[in-house]
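File shown: query_1.txt (compact mmCIF, N, CA and C atoms).
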# COMPACT_ATOMS: atom_id res chain seq x y z
N MET A 123 -47.45 -11.13 -1.47
CA MET A 123 -46.42 -10.53 -0.63
C MET A 123 -46.07 -11.49 0.50
N ALA A 124 -44.78 -11.77 0.63
CA ALA A 124 -44.33 -12.72 1.65
C ALA A 124 -44.44 -12.10 3.04
N LEU A 125 -44.86 -12.93 3.97
CA LEU A 125 -44.95 -12.51 5.36
C LEU A 125 -43.56 -12.57 5.99
N LEU A 126 -42.78 -13.55 5.59
CA LEU A 126 -41.41 -13.75 6.07
C LEU A 126 -40.50 -13.99 4.87
N THR A 127 -39.29 -13.50 4.94
CA THR A 127 -38.32 -13.75 3.88
C THR A 127 -37.04 -14.27 4.51
N TRP A 128 -36.55 -15.39 3.98
CA TRP A 128 -35.30 -15.95 4.48
C TRP A 128 -34.15 -15.02 4.14
N THR A 129 -33.33 -14.74 5.13
CA THR A 129 -32.06 -14.06 4.93
C THR A 129 -31.02 -14.82 5.74
N ASP A 130 -29.76 -14.54 5.47
CA ASP A 130 -28.69 -15.23 6.18
C ASP A 130 -28.70 -14.96 7.69
N ARG A 131 -29.39 -13.92 8.11
CA ARG A 131 -29.46 -13.65 9.55
C ARG A 131 -30.17 -14.78 10.29
N TYR A 132 -31.00 -15.56 9.57
CA TYR A 132 -31.69 -16.69 10.18
C TYR A 132 -30.82 -17.95 10.27
N SER A 133 -29.69 -17.95 9.59
CA SER A 133 -28.86 -19.16 9.56
C SER A 133 -28.35 -19.52 10.95
N VAL A 134 -28.49 -20.81 11.29
CA VAL A 134 -27.94 -21.31 12.56
C VAL A 134 -26.60 -21.99 12.31
N GLY A 135 -26.14 -22.02 11.06
CA GLY A 135 -24.86 -22.60 10.73
C GLY A 135 -24.87 -24.10 10.53
N ILE A 136 -26.08 -24.66 10.40
CA ILE A 136 -26.23 -26.09 10.16
C ILE A 136 -27.12 -26.24 8.94
N LYS A 137 -26.54 -26.73 7.85
CA LYS A 137 -27.21 -26.72 6.55
C LYS A 137 -28.60 -27.36 6.58
N GLU A 138 -28.71 -28.57 7.15
CA GLU A 138 -30.00 -29.27 7.15
C GLU A 138 -31.07 -28.49 7.91
N ILE A 139 -30.70 -27.90 9.03
CA ILE A 139 -31.67 -27.13 9.81
C ILE A 139 -32.03 -25.84 9.09
N ASP A 140 -31.04 -25.18 8.49
CA ASP A 140 -31.35 -23.98 7.72
C ASP A 140 -32.33 -24.29 6.59
N GLU A 141 -32.13 -25.42 5.91
CA GLU A 141 -33.04 -25.81 4.83
C GLU A 141 -34.45 -26.05 5.37
N GLN A 142 -34.54 -26.69 6.53
CA GLN A 142 -35.86 -26.93 7.13
C GLN A 142 -36.51 -25.62 7.56
N HIS A 143 -35.72 -24.70 8.09
CA HIS A 143 -36.28 -23.39 8.47
C HIS A 143 -36.79 -22.65 7.23
N LYS A 144 -36.08 -22.77 6.12
CA LYS A 144 -36.55 -22.17 4.86
C LYS A 144 -37.90 -22.75 4.47
N GLN A 145 -38.06 -24.06 4.64
CA GLN A 145 -39.34 -24.70 4.32
C GLN A 145 -40.45 -24.20 5.24
N LEU A 146 -40.16 -24.04 6.53
CA LEU A 146 -41.16 -23.50 7.46
C LEU A 146 -41.58 -22.10 7.06
N ILE A 147 -40.62 -21.27 6.68
CA ILE A 147 -40.93 -19.92 6.21
C ILE A 147 -41.80 -19.98 4.96
N ASN A 148 -41.46 -20.87 4.03
CA ASN A 148 -42.26 -21.01 2.82
C ASN A 148 -43.69 -21.44 3.14
N MET A 149 -43.85 -22.35 4.09
CA MET A 149 -45.20 -22.82 4.45
C MET A 149 -46.01 -21.73 5.14
N ILE A 150 -45.38 -20.95 5.98
CA ILE A 150 -46.09 -19.82 6.61
C ILE A 150 -46.51 -18.83 5.52
N ASN A 151 -45.63 -18.58 4.57
CA ASN A 151 -45.98 -17.69 3.45
C ASN A 151 -47.11 -18.27 2.61
N GLU A 152 -47.09 -19.58 2.39
CA GLU A 152 -48.15 -20.24 1.63
C GLU A 152 -49.50 -20.09 2.34
N LEU A 153 -49.50 -20.28 3.66
CA LEU A 153 -50.73 -20.11 4.44
C LEU A 153 -51.20 -18.66 4.38
N HIS A 154 -50.26 -17.73 4.49
CA HIS A 154 -50.59 -16.31 4.43
C HIS A 154 -51.22 -15.94 3.08
N GLU A 155 -50.63 -16.43 2.00
CA GLU A 155 -51.17 -16.16 0.66
C GLU A 155 -52.58 -16.76 0.50
N ALA A 156 -52.76 -17.97 1.03
CA ALA A 156 -54.08 -18.61 0.94
C ALA A 156 -55.12 -17.80 1.73
N MET A 157 -54.72 -17.28 2.88
CA MET A 157 -55.63 -16.47 3.68
C MET A 157 -55.98 -15.18 2.94
N LEU A 158 -54.96 -14.51 2.39
CA LEU A 158 -55.21 -13.26 1.66
C LEU A 158 -56.08 -13.48 0.43
N ALA A 159 -55.94 -14.64 -0.20
CA ALA A 159 -56.73 -14.97 -1.38
C ALA A 159 -58.14 -15.44 -1.01
N LYS A 160 -58.41 -15.45 0.29
CA LYS A 160 -59.73 -15.85 0.82
C LYS A 160 -60.12 -17.25 0.33
N GLN A 161 -59.11 -18.13 0.32
CA GLN A 161 -59.39 -19.51 -0.04
C GLN A 161 -60.29 -20.11 1.04
N GLY A 162 -61.01 -21.12 0.69
CA GLY A 162 -61.94 -21.74 1.61
C GLY A 162 -61.25 -22.40 2.79
N LYS A 163 -62.07 -22.70 3.78
CA LYS A 163 -61.59 -23.33 5.01
C LYS A 163 -60.81 -24.62 4.71
N GLU A 164 -61.31 -25.40 3.79
CA GLU A 164 -60.66 -26.68 3.46
C GLU A 164 -59.25 -26.46 2.94
N ALA A 165 -59.08 -25.49 2.06
CA ALA A 165 -57.76 -25.20 1.50
C ALA A 165 -56.82 -24.69 2.59
N LEU A 166 -57.33 -23.81 3.44
CA LEU A 166 -56.52 -23.29 4.53
C LEU A 166 -56.12 -24.40 5.51
N MET A 167 -57.05 -25.30 5.79
CA MET A 167 -56.76 -26.41 6.70
C MET A 167 -55.70 -27.33 6.11
N THR A 168 -55.72 -27.54 4.81
CA THR A 168 -54.72 -28.38 4.16
C THR A 168 -53.33 -27.80 4.38
N VAL A 169 -53.18 -26.50 4.16
CA VAL A 169 -51.89 -25.84 4.33
C VAL A 169 -51.49 -25.82 5.80
N LEU A 170 -52.45 -25.52 6.68
CA LEU A 170 -52.16 -25.47 8.12
C LEU A 170 -51.73 -26.84 8.64
N ASN A 171 -52.40 -27.89 8.20
CA ASN A 171 -52.02 -29.24 8.62
C ASN A 171 -50.64 -29.62 8.08
N LYS A 172 -50.34 -29.22 6.86
CA LYS A 172 -49.02 -29.49 6.28
C LYS A 172 -47.94 -28.79 7.11
N LEU A 173 -48.21 -27.55 7.49
CA LEU A 173 -47.28 -26.79 8.32
C LEU A 173 -47.09 -27.46 9.68
N ALA A 174 -48.19 -27.86 10.30
CA ALA A 174 -48.12 -28.51 11.61
C ALA A 174 -47.33 -29.82 11.55
N ASN A 175 -47.59 -30.63 10.54
CA ASN A 175 -46.88 -31.90 10.39
C ASN A 175 -45.39 -31.67 10.15
N TYR A 176 -45.07 -30.66 9.35
CA TYR A 176 -43.66 -30.37 9.10
C TYR A 176 -42.97 -29.90 10.37
N CYS A 177 -43.66 -29.09 11.17
CA CYS A 177 -43.09 -28.63 12.44
C CYS A 177 -42.76 -29.83 13.33
N VAL A 178 -43.66 -30.78 13.42
CA VAL A 178 -43.44 -31.96 14.26
C VAL A 178 -42.20 -32.71 13.80
N SER A 179 -42.07 -32.94 12.50
CA SER A 179 -40.89 -33.69 12.01
C SER A 179 -39.62 -32.86 12.17
N HIS A 180 -39.70 -31.55 11.96
CA HIS A 180 -38.53 -30.68 12.15
C HIS A 180 -38.11 -30.68 13.61
N PHE A 181 -39.07 -30.52 14.51
CA PHE A 181 -38.75 -30.51 15.94
C PHE A 181 -38.11 -31.83 16.36
N ALA A 182 -38.63 -32.94 15.86
CA ALA A 182 -38.08 -34.26 16.22
C ALA A 182 -36.63 -34.38 15.75
N MET A 183 -36.35 -33.93 14.54
CA MET A 183 -34.99 -34.00 14.01
C MET A 183 -34.05 -33.12 14.85
N GLU A 184 -34.50 -31.91 15.14
CA GLU A 184 -33.71 -30.98 15.91
C GLU A 184 -33.43 -31.54 17.31
N GLU A 185 -34.47 -32.07 17.95
CA GLU A 185 -34.33 -32.63 19.30
C GLU A 185 -33.38 -33.83 19.31
N LYS A 186 -33.45 -34.66 18.29
CA LYS A 186 -32.55 -35.81 18.23
C LYS A 186 -31.10 -35.35 18.13
N LEU A 187 -30.86 -34.35 17.31
CA LEU A 187 -29.52 -33.80 17.15
C LEU A 187 -29.02 -33.20 18.47
N LEU A 188 -29.86 -32.43 19.13
CA LEU A 188 -29.47 -31.79 20.39
C LEU A 188 -29.23 -32.82 21.49
N SER A 189 -30.09 -33.81 21.56
CA SER A 189 -29.96 -34.87 22.56
C SER A 189 -28.70 -35.70 22.33
N THR A 190 -28.47 -36.09 21.08
CA THR A 190 -27.30 -36.91 20.72
C THR A 190 -25.99 -36.23 21.13
N HIS A 191 -25.94 -34.91 20.99
CA HIS A 191 -24.70 -34.18 21.27
C HIS A 191 -24.67 -33.58 22.67
N GLY A 192 -25.68 -33.88 23.48
CA GLY A 192 -25.67 -33.43 24.88
C GLY A 192 -25.82 -31.93 25.06
N TYR A 193 -26.67 -31.33 24.26
CA TYR A 193 -26.89 -29.89 24.37
C TYR A 193 -27.39 -29.55 25.77
N PRO A 194 -26.70 -28.66 26.49
CA PRO A 194 -27.06 -28.39 27.89
C PRO A 194 -28.44 -27.75 28.09
N GLU A 195 -28.99 -27.08 27.07
CA GLU A 195 -30.31 -26.46 27.20
C GLU A 195 -31.39 -27.27 26.49
N PHE A 196 -31.12 -28.56 26.33
CA PHE A 196 -32.05 -29.43 25.60
C PHE A 196 -33.46 -29.44 26.19
N ALA A 197 -33.58 -29.60 27.50
CA ALA A 197 -34.91 -29.70 28.13
C ALA A 197 -35.74 -28.44 27.88
N ASP A 198 -35.13 -27.28 28.01
CA ASP A 198 -35.83 -26.02 27.77
C ASP A 198 -36.23 -25.89 26.30
N HIS A 199 -35.32 -26.28 25.42
CA HIS A 199 -35.60 -26.20 23.99
C HIS A 199 -36.77 -27.12 23.62
N LYS A 200 -36.73 -28.33 24.12
CA LYS A 200 -37.81 -29.28 23.84
C LYS A 200 -39.14 -28.76 24.40
N ASP A 201 -39.11 -28.16 25.58
CA ASP A 201 -40.33 -27.61 26.18
C ASP A 201 -40.94 -26.53 25.28
N LYS A 202 -40.12 -25.71 24.67
CA LYS A 202 -40.63 -24.68 23.74
C LYS A 202 -41.29 -25.34 22.53
N HIS A 203 -40.72 -26.43 22.06
CA HIS A 203 -41.33 -27.17 20.95
C HIS A 203 -42.68 -27.74 21.35
N VAL A 204 -42.76 -28.31 22.54
CA VAL A 204 -44.02 -28.90 23.03
C VAL A 204 -45.09 -27.81 23.13
N LYS A 205 -44.74 -26.66 23.65
CA LYS A 205 -45.70 -25.56 23.79
C LYS A 205 -46.20 -25.08 22.43
N MET A 206 -45.29 -24.97 21.46
CA MET A 206 -45.70 -24.53 20.13
C MET A 206 -46.59 -25.57 19.47
N THR A 207 -46.23 -26.84 19.60
CA THR A 207 -47.04 -27.91 19.01
C THR A 207 -48.44 -27.90 19.61
N THR A 208 -48.54 -27.70 20.91
CA THR A 208 -49.83 -27.64 21.59
C THR A 208 -50.66 -26.46 21.07
N LYS A 209 -50.03 -25.31 20.90
CA LYS A 209 -50.74 -24.12 20.39
C LYS A 209 -51.24 -24.35 18.97
N VAL A 210 -50.41 -24.94 18.14
CA VAL A 210 -50.81 -25.17 16.75
C VAL A 210 -51.95 -26.19 16.68
N LYS A 211 -51.88 -27.24 17.49
CA LYS A 211 -52.97 -28.23 17.53
C LYS A 211 -54.28 -27.59 17.99
N ALA A 212 -54.20 -26.70 18.98
CA ALA A 212 -55.39 -25.99 19.46
C ALA A 212 -55.93 -25.07 18.37
N LEU A 213 -55.05 -24.41 17.65
CA LEU A 213 -55.46 -23.54 16.54
C LEU A 213 -56.19 -24.35 15.47
N ILE A 214 -55.63 -25.50 15.12
CA ILE A 214 -56.25 -26.36 14.11
C ILE A 214 -57.63 -26.79 14.57
N ALA A 215 -57.74 -27.21 15.83
CA ALA A 215 -59.04 -27.64 16.37
C ALA A 215 -60.04 -26.48 16.35
N ASP A 216 -59.59 -25.28 16.71
CA ASP A 216 -60.49 -24.11 16.73
C ASP A 216 -60.95 -23.74 15.33
N VAL A 217 -60.06 -23.82 14.36
CA VAL A 217 -60.43 -23.50 12.98
C VAL A 217 -61.39 -24.55 12.45
N GLN A 218 -61.10 -25.82 12.70
CA GLN A 218 -61.97 -26.89 12.22
C GLN A 218 -63.36 -26.79 12.82
N SER A 219 -63.45 -26.42 14.09
CA SER A 219 -64.75 -26.35 14.76
C SER A 219 -65.51 -25.07 14.43
N GLY A 220 -64.83 -24.12 13.79
CA GLY A 220 -65.48 -22.85 13.47
C GLY A 220 -65.34 -21.83 14.58
N LYS A 221 -64.67 -22.19 15.65
CA LYS A 221 -64.48 -21.29 16.80
C LYS A 221 -63.53 -20.14 16.46
N SER A 222 -62.65 -20.39 15.48
CA SER A 222 -61.65 -19.40 15.10
C SER A 222 -61.46 -19.45 13.58
N THR A 223 -60.81 -18.43 13.07
CA THR A 223 -60.46 -18.40 11.65
C THR A 223 -58.98 -18.10 11.54
N ILE A 224 -58.45 -18.36 10.37
CA ILE A 224 -57.06 -17.99 10.12
C ILE A 224 -57.08 -16.52 9.74
N SER A 225 -56.60 -15.70 10.65
CA SER A 225 -56.66 -14.25 10.50
C SER A 225 -55.26 -13.68 10.44
N ILE A 226 -55.18 -12.39 10.22
CA ILE A 226 -53.88 -11.73 10.21
C ILE A 226 -53.21 -11.86 11.57
N GLU A 227 -54.00 -11.87 12.66
CA GLU A 227 -53.44 -12.04 13.99
C GLU A 227 -52.78 -13.41 14.14
N VAL A 228 -53.41 -14.45 13.58
CA VAL A 228 -52.84 -15.80 13.61
C VAL A 228 -51.55 -15.82 12.81
N MET A 229 -51.56 -15.19 11.64
CA MET A 229 -50.38 -15.16 10.80
C MET A 229 -49.24 -14.41 11.49
N GLN A 230 -49.57 -13.31 12.17
CA GLN A 230 -48.54 -12.55 12.88
C GLN A 230 -47.97 -13.38 14.03
N PHE A 231 -48.83 -14.15 14.71
CA PHE A 231 -48.36 -15.03 15.78
C PHE A 231 -47.36 -16.04 15.22
N LEU A 232 -47.70 -16.71 14.11
CA LEU A 232 -46.82 -17.70 13.51
C LEU A 232 -45.50 -17.06 13.07
N ARG A 233 -45.60 -15.91 12.42
CA ARG A 233 -44.40 -15.20 11.97
C ARG A 233 -43.51 -14.81 13.15
N ASP A 234 -44.12 -14.21 14.16
CA ASP A 234 -43.35 -13.75 15.31
C ASP A 234 -42.74 -14.91 16.08
N TRP A 235 -43.50 -16.01 16.21
CA TRP A 235 -42.97 -17.15 16.94
C TRP A 235 -41.78 -17.74 16.19
N LEU A 236 -41.90 -17.93 14.89
CA LEU A 236 -40.80 -18.52 14.13
C LEU A 236 -39.58 -17.61 14.16
N ASP A 237 -39.80 -16.32 13.96
CA ASP A 237 -38.69 -15.36 13.99
C ASP A 237 -38.00 -15.40 15.35
N LYS A 238 -38.76 -15.32 16.42
CA LYS A 238 -38.20 -15.31 17.77
C LYS A 238 -37.52 -16.65 18.08
N HIS A 239 -38.12 -17.74 17.66
CA HIS A 239 -37.57 -19.06 17.96
C HIS A 239 -36.23 -19.27 17.23
N ILE A 240 -36.19 -18.94 15.95
CA ILE A 240 -34.94 -19.10 15.21
C ILE A 240 -33.88 -18.14 15.74
N MET A 241 -34.24 -16.88 15.86
CA MET A 241 -33.26 -15.85 16.21
C MET A 241 -32.80 -15.95 17.66
N GLY A 242 -33.60 -16.51 18.52
CA GLY A 242 -33.22 -16.63 19.93
C GLY A 242 -32.82 -18.04 20.28
N THR A 243 -33.79 -18.90 20.40
CA THR A 243 -33.58 -20.27 20.87
C THR A 243 -32.67 -21.08 19.95
N ASP A 244 -32.94 -21.08 18.65
CA ASP A 244 -32.15 -21.91 17.73
C ASP A 244 -30.74 -21.37 17.51
N LYS A 245 -30.59 -20.07 17.47
CA LYS A 245 -29.28 -19.48 17.27
C LYS A 245 -28.31 -19.89 18.38
N LYS A 246 -28.84 -20.16 19.56
CA LYS A 246 -27.99 -20.55 20.69
C LYS A 246 -27.30 -21.89 20.46
N TYR A 247 -28.00 -22.84 19.81
CA TYR A 247 -27.39 -24.16 19.68
C TYR A 247 -26.45 -24.27 18.47
N GLY A 248 -26.50 -23.34 17.55
CA GLY A 248 -25.64 -23.40 16.37
C GLY A 248 -24.17 -23.56 16.71
N PRO A 249 -23.60 -22.63 17.48
CA PRO A 249 -22.18 -22.75 17.82
C PRO A 249 -21.87 -24.03 18.61
N PHE A 250 -22.79 -24.43 19.48
CA PHE A 250 -22.58 -25.66 20.25
C PHE A 250 -22.46 -26.87 19.32
N LEU A 251 -23.43 -27.00 18.40
CA LEU A 251 -23.39 -28.13 17.47
C LEU A 251 -22.21 -28.04 16.52
N ASN A 252 -21.88 -26.83 16.08
CA ASN A 252 -20.71 -26.66 15.22
C ASN A 252 -19.44 -27.15 15.94
N SER A 253 -19.36 -26.88 17.25
CA SER A 253 -18.19 -27.33 18.01
C SER A 253 -18.12 -28.85 18.13
N LYS A 254 -19.26 -29.51 17.88
CA LYS A 254 -19.32 -30.99 17.91
C LYS A 254 -19.15 -31.58 16.50
N GLY A 255 -18.84 -30.71 15.53
CA GLY A 255 -18.60 -31.17 14.18
C GLY A 255 -19.83 -31.21 13.29
N VAL A 256 -20.95 -30.65 13.77
CA VAL A 256 -22.18 -30.62 12.96
C VAL A 256 -22.18 -29.31 12.18
N ALA A 257 -22.34 -29.42 10.87
CA ALA A 257 -22.33 -28.21 10.04
C ALA A 257 -23.46 -28.24 9.04
Write out the structure in this file as structure tokens.
Amino acid sequence: MALLTWTDRYSVGIKEIDEQHKQLINMINELHEAMLAKQGKEALMTVLNKLANYCVSHFAMEEKLLSTHGYPEFADHKDKHVKMTTKVKALIADVQSGKSTISIEVMQFLRDWLDKHIMGTDKKYGPFLNSKGVA
């Protein structure tokens, strides 16, 4: 059972970013399925690291696009990315050290953060970038 399902309501109106958001949703679902299947720590860490690395590359691409086009809320947007990256790195460290596990609460955090980030923060820049010819 998917934790998140892509629908057009998530679209920011920029094809490349929408495709990347679909990948993030798929990776969160992959991690959720691995957790439900009670896969070992190593398998969960592989998926979690893949998700973290993809977030970093996605954030970098998004930030470059926003910076290039002079998005007025760029600094705030980048700050949200930094905070999420820091949280995910801390989560990875906690899971690796045995201090934490990948639980339903962790999955809900990832789901809620992605949903809130796309629907709030990312949706704001869609029309701005579209007005600059980015589609």
task = Show which residues sit within 8 Å of stretch 183-198 of chain A, as a PyMOL selection string. Count only C-alpha atoms, and ignore same-chain residues fewer than 5 positions away.
result = chain A and resi 139+247+250-251+254
inquiry  = Considering only N, CA and C atoms, can you say which of A:Ile147, A:Gln142, A:Leu170, A:His180 comes closest to A:Trp128?
reply    = A:Ile147
task = Rounded to one decimal place, report the atom CA of A:Ala159-atom CA of A:Met229 distance in Å.
result = 13.7 Å
ask   = For A:Asp244, which of A:Lys221, A:His199, A:Lys209, A:His154 is the closest residue, counting all atoms listed in the file?
value = A:His199
Residues within 12 Å of A:Asn171, only C-alpha atoms, excluding chain neighbours under 4 positions, as a ChimeraX atom specification = /A:149-150,153,163-167,175-178,207,210-215,217-218
Of the listed residues A:Met157, A:Gln145, A:Lys202, A:Thr168, that which approaches A:Ile226 most closely, counting all atoms listed in the file = A:Met157
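The two atoms in question, atom CA of A:Ala257 and atom CA of A:Gly135, are spaced 6.2 Å apart.
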Could you give me the axis-aligned bounding box of stretch 218-237 of chain A, with 8 Å of padding per side, as centre plus edge lengths in Å to one decimal, as JSON?
{"center_x": -51.8, "center_y": -19.3, "center_z": 13.3, "size_x": 43.5, "size_y": 31.2, "size_z": 23.2}
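Atom CA of A:Lys246 is found 12.2 Å from atom N of A:Lys200.
With only C-alpha atoms as the atoms that count, the minimum distance from A:Asn148 to the choices A:Val228, A:Ala182, A:Leu126, A:Ile136 is reached by A:Leu126.
Nearest to A:Phe231 of all the residues A:Val169, A:Val256, A:His203, A:Leu125 is A:Leu125, counting only C-alpha atoms.
Among A:Thr223, A:Ser133, A:Thr127, A:Asn252, the residue with the shortest atom-to-atom distance to A:Gly162, counting only C-alpha atoms, is A:Thr223.
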task = May I have the protein, DNA and RNA residues with any atom at most 10 Å from the point (-41.5, -19.7, 16.0), counting only C-alpha atoms, written as a PyMOL selection string?
result = chain A and resi 143+146-147+177+202-203+206+231-244
request  = Please run DSSP on the backbone and report, as a ChimeraX atom specification, all residues within chain A that come out as helix (DSSP H, G or I).
outcome  = /A:130-132,137-158,163-190,196-219,226-253
Mind rebuilding stretch 156-167 of chain A with N, CA, C and O atoms and writing that out as an mmCIF file, in the coordinates of the input?
data_model
loop_
_atom_site.group_PDB
_atom_site.id
_atom_site.type_symbol
_atom_site.label_atom_id
_atom_site.label_comp_id
_atom_site.auth_asym_id
_atom_site.auth_seq_id
_atom_site.Cartn_x
_atom_site.Cartn_y
_atom_site.Cartn_z
ATOM 1 N N ALA A 156 -52.760 -17.970 1.030
ATOM 2 C CA ALA A 156 -54.080 -18.610 0.940
ATOM 3 C C ALA A 156 -55.120 -17.800 1.730
ATOM 4 O O ALA A 156 -56.255 -17.629 1.280
ATOM 5 N N MET A 157 -54.720 -17.280 2.880
ATOM 6 C CA MET A 157 -55.630 -16.470 3.680
ATOM 7 C C MET A 157 -55.980 -15.180 2.940
ATOM 8 O O MET A 157 -57.149 -14.811 2.850
ATOM 9 N N LEU A 158 -54.960 -14.510 2.390
ATOM 10 C CA LEU A 158 -55.210 -13.260 1.660
ATOM 11 C C LEU A 158 -56.080 -13.480 0.430
ATOM 12 O O LEU A 158 -56.878 -12.607 0.075
ATOM 13 N N ALA A 159 -55.940 -14.640 -0.200
ATOM 14 C CA ALA A 159 -56.730 -14.970 -1.380
ATOM 15 C C ALA A 159 -58.140 -15.440 -1.010
ATOM 16 O O ALA A 159 -58.927 -15.770 -1.895
ATOM 17 N N LYS A 160 -58.410 -15.450 0.290
ATOM 18 C CA LYS A 160 -59.730 -15.850 0.820
ATOM 19 C C LYS A 160 -60.120 -17.250 0.330
ATOM 20 O O LYS A 160 -61.278 -17.491 -0.038
ATOM 21 N N GLN A 161 -59.110 -18.130 0.320
ATOM 22 C CA GLN A 161 -59.390 -19.510 -0.040
ATOM 23 C C GLN A 161 -60.290 -20.110 1.040
ATOM 24 O O GLN A 161 -60.305 -19.649 2.181
ATOM 25 N N GLY A 162 -61.010 -21.120 0.690
ATOM 26 C CA GLY A 162 -61.940 -21.740 1.610
ATOM 27 C C GLY A 162 -61.250 -22.400 2.790
ATOM 28 O O GLY A 162 -60.042 -22.634 2.793
ATOM 29 N N LYS A 163 -62.070 -22.700 3.780
ATOM 30 C CA LYS A 163 -61.590 -23.330 5.010
ATOM 31 C C LYS A 163 -60.810 -24.620 4.710
ATOM 32 O O LYS A 163 -59.771 -24.865 5.316
ATOM 33 N N GLU A 164 -61.310 -25.400 3.790
ATOM 34 C CA GLU A 164 -60.660 -26.680 3.460
ATOM 35 C C GLU A 164 -59.250 -26.460 2.940
ATOM 36 O O GLU A 164 -58.311 -27.155 3.342
ATOM 37 N N ALA A 165 -59.080 -25.490 2.060
ATOM 38 C CA ALA A 165 -57.760 -25.200 1.500
ATOM 39 C C ALA A 165 -56.820 -24.690 2.590
ATOM 40 O O ALA A 165 -55.651 -25.097 2.661
ATOM 41 N N LEU A 166 -57.330 -23.810 3.440
ATOM 42 C CA LEU A 166 -56.520 -23.290 4.530
ATOM 43 C C LEU A 166 -56.120 -24.400 5.510
ATOM 44 O O LEU A 166 -54.983 -24.456 5.969
ATOM 45 N N MET A 167 -57.050 -25.300 5.790
ATOM 46 C CA MET A 167 -56.760 -26.410 6.700
ATOM 47 C C MET A 167 -55.700 -27.330 6.110
ATOM 48 O O MET A 167 -54.843 -27.841 6.838
#
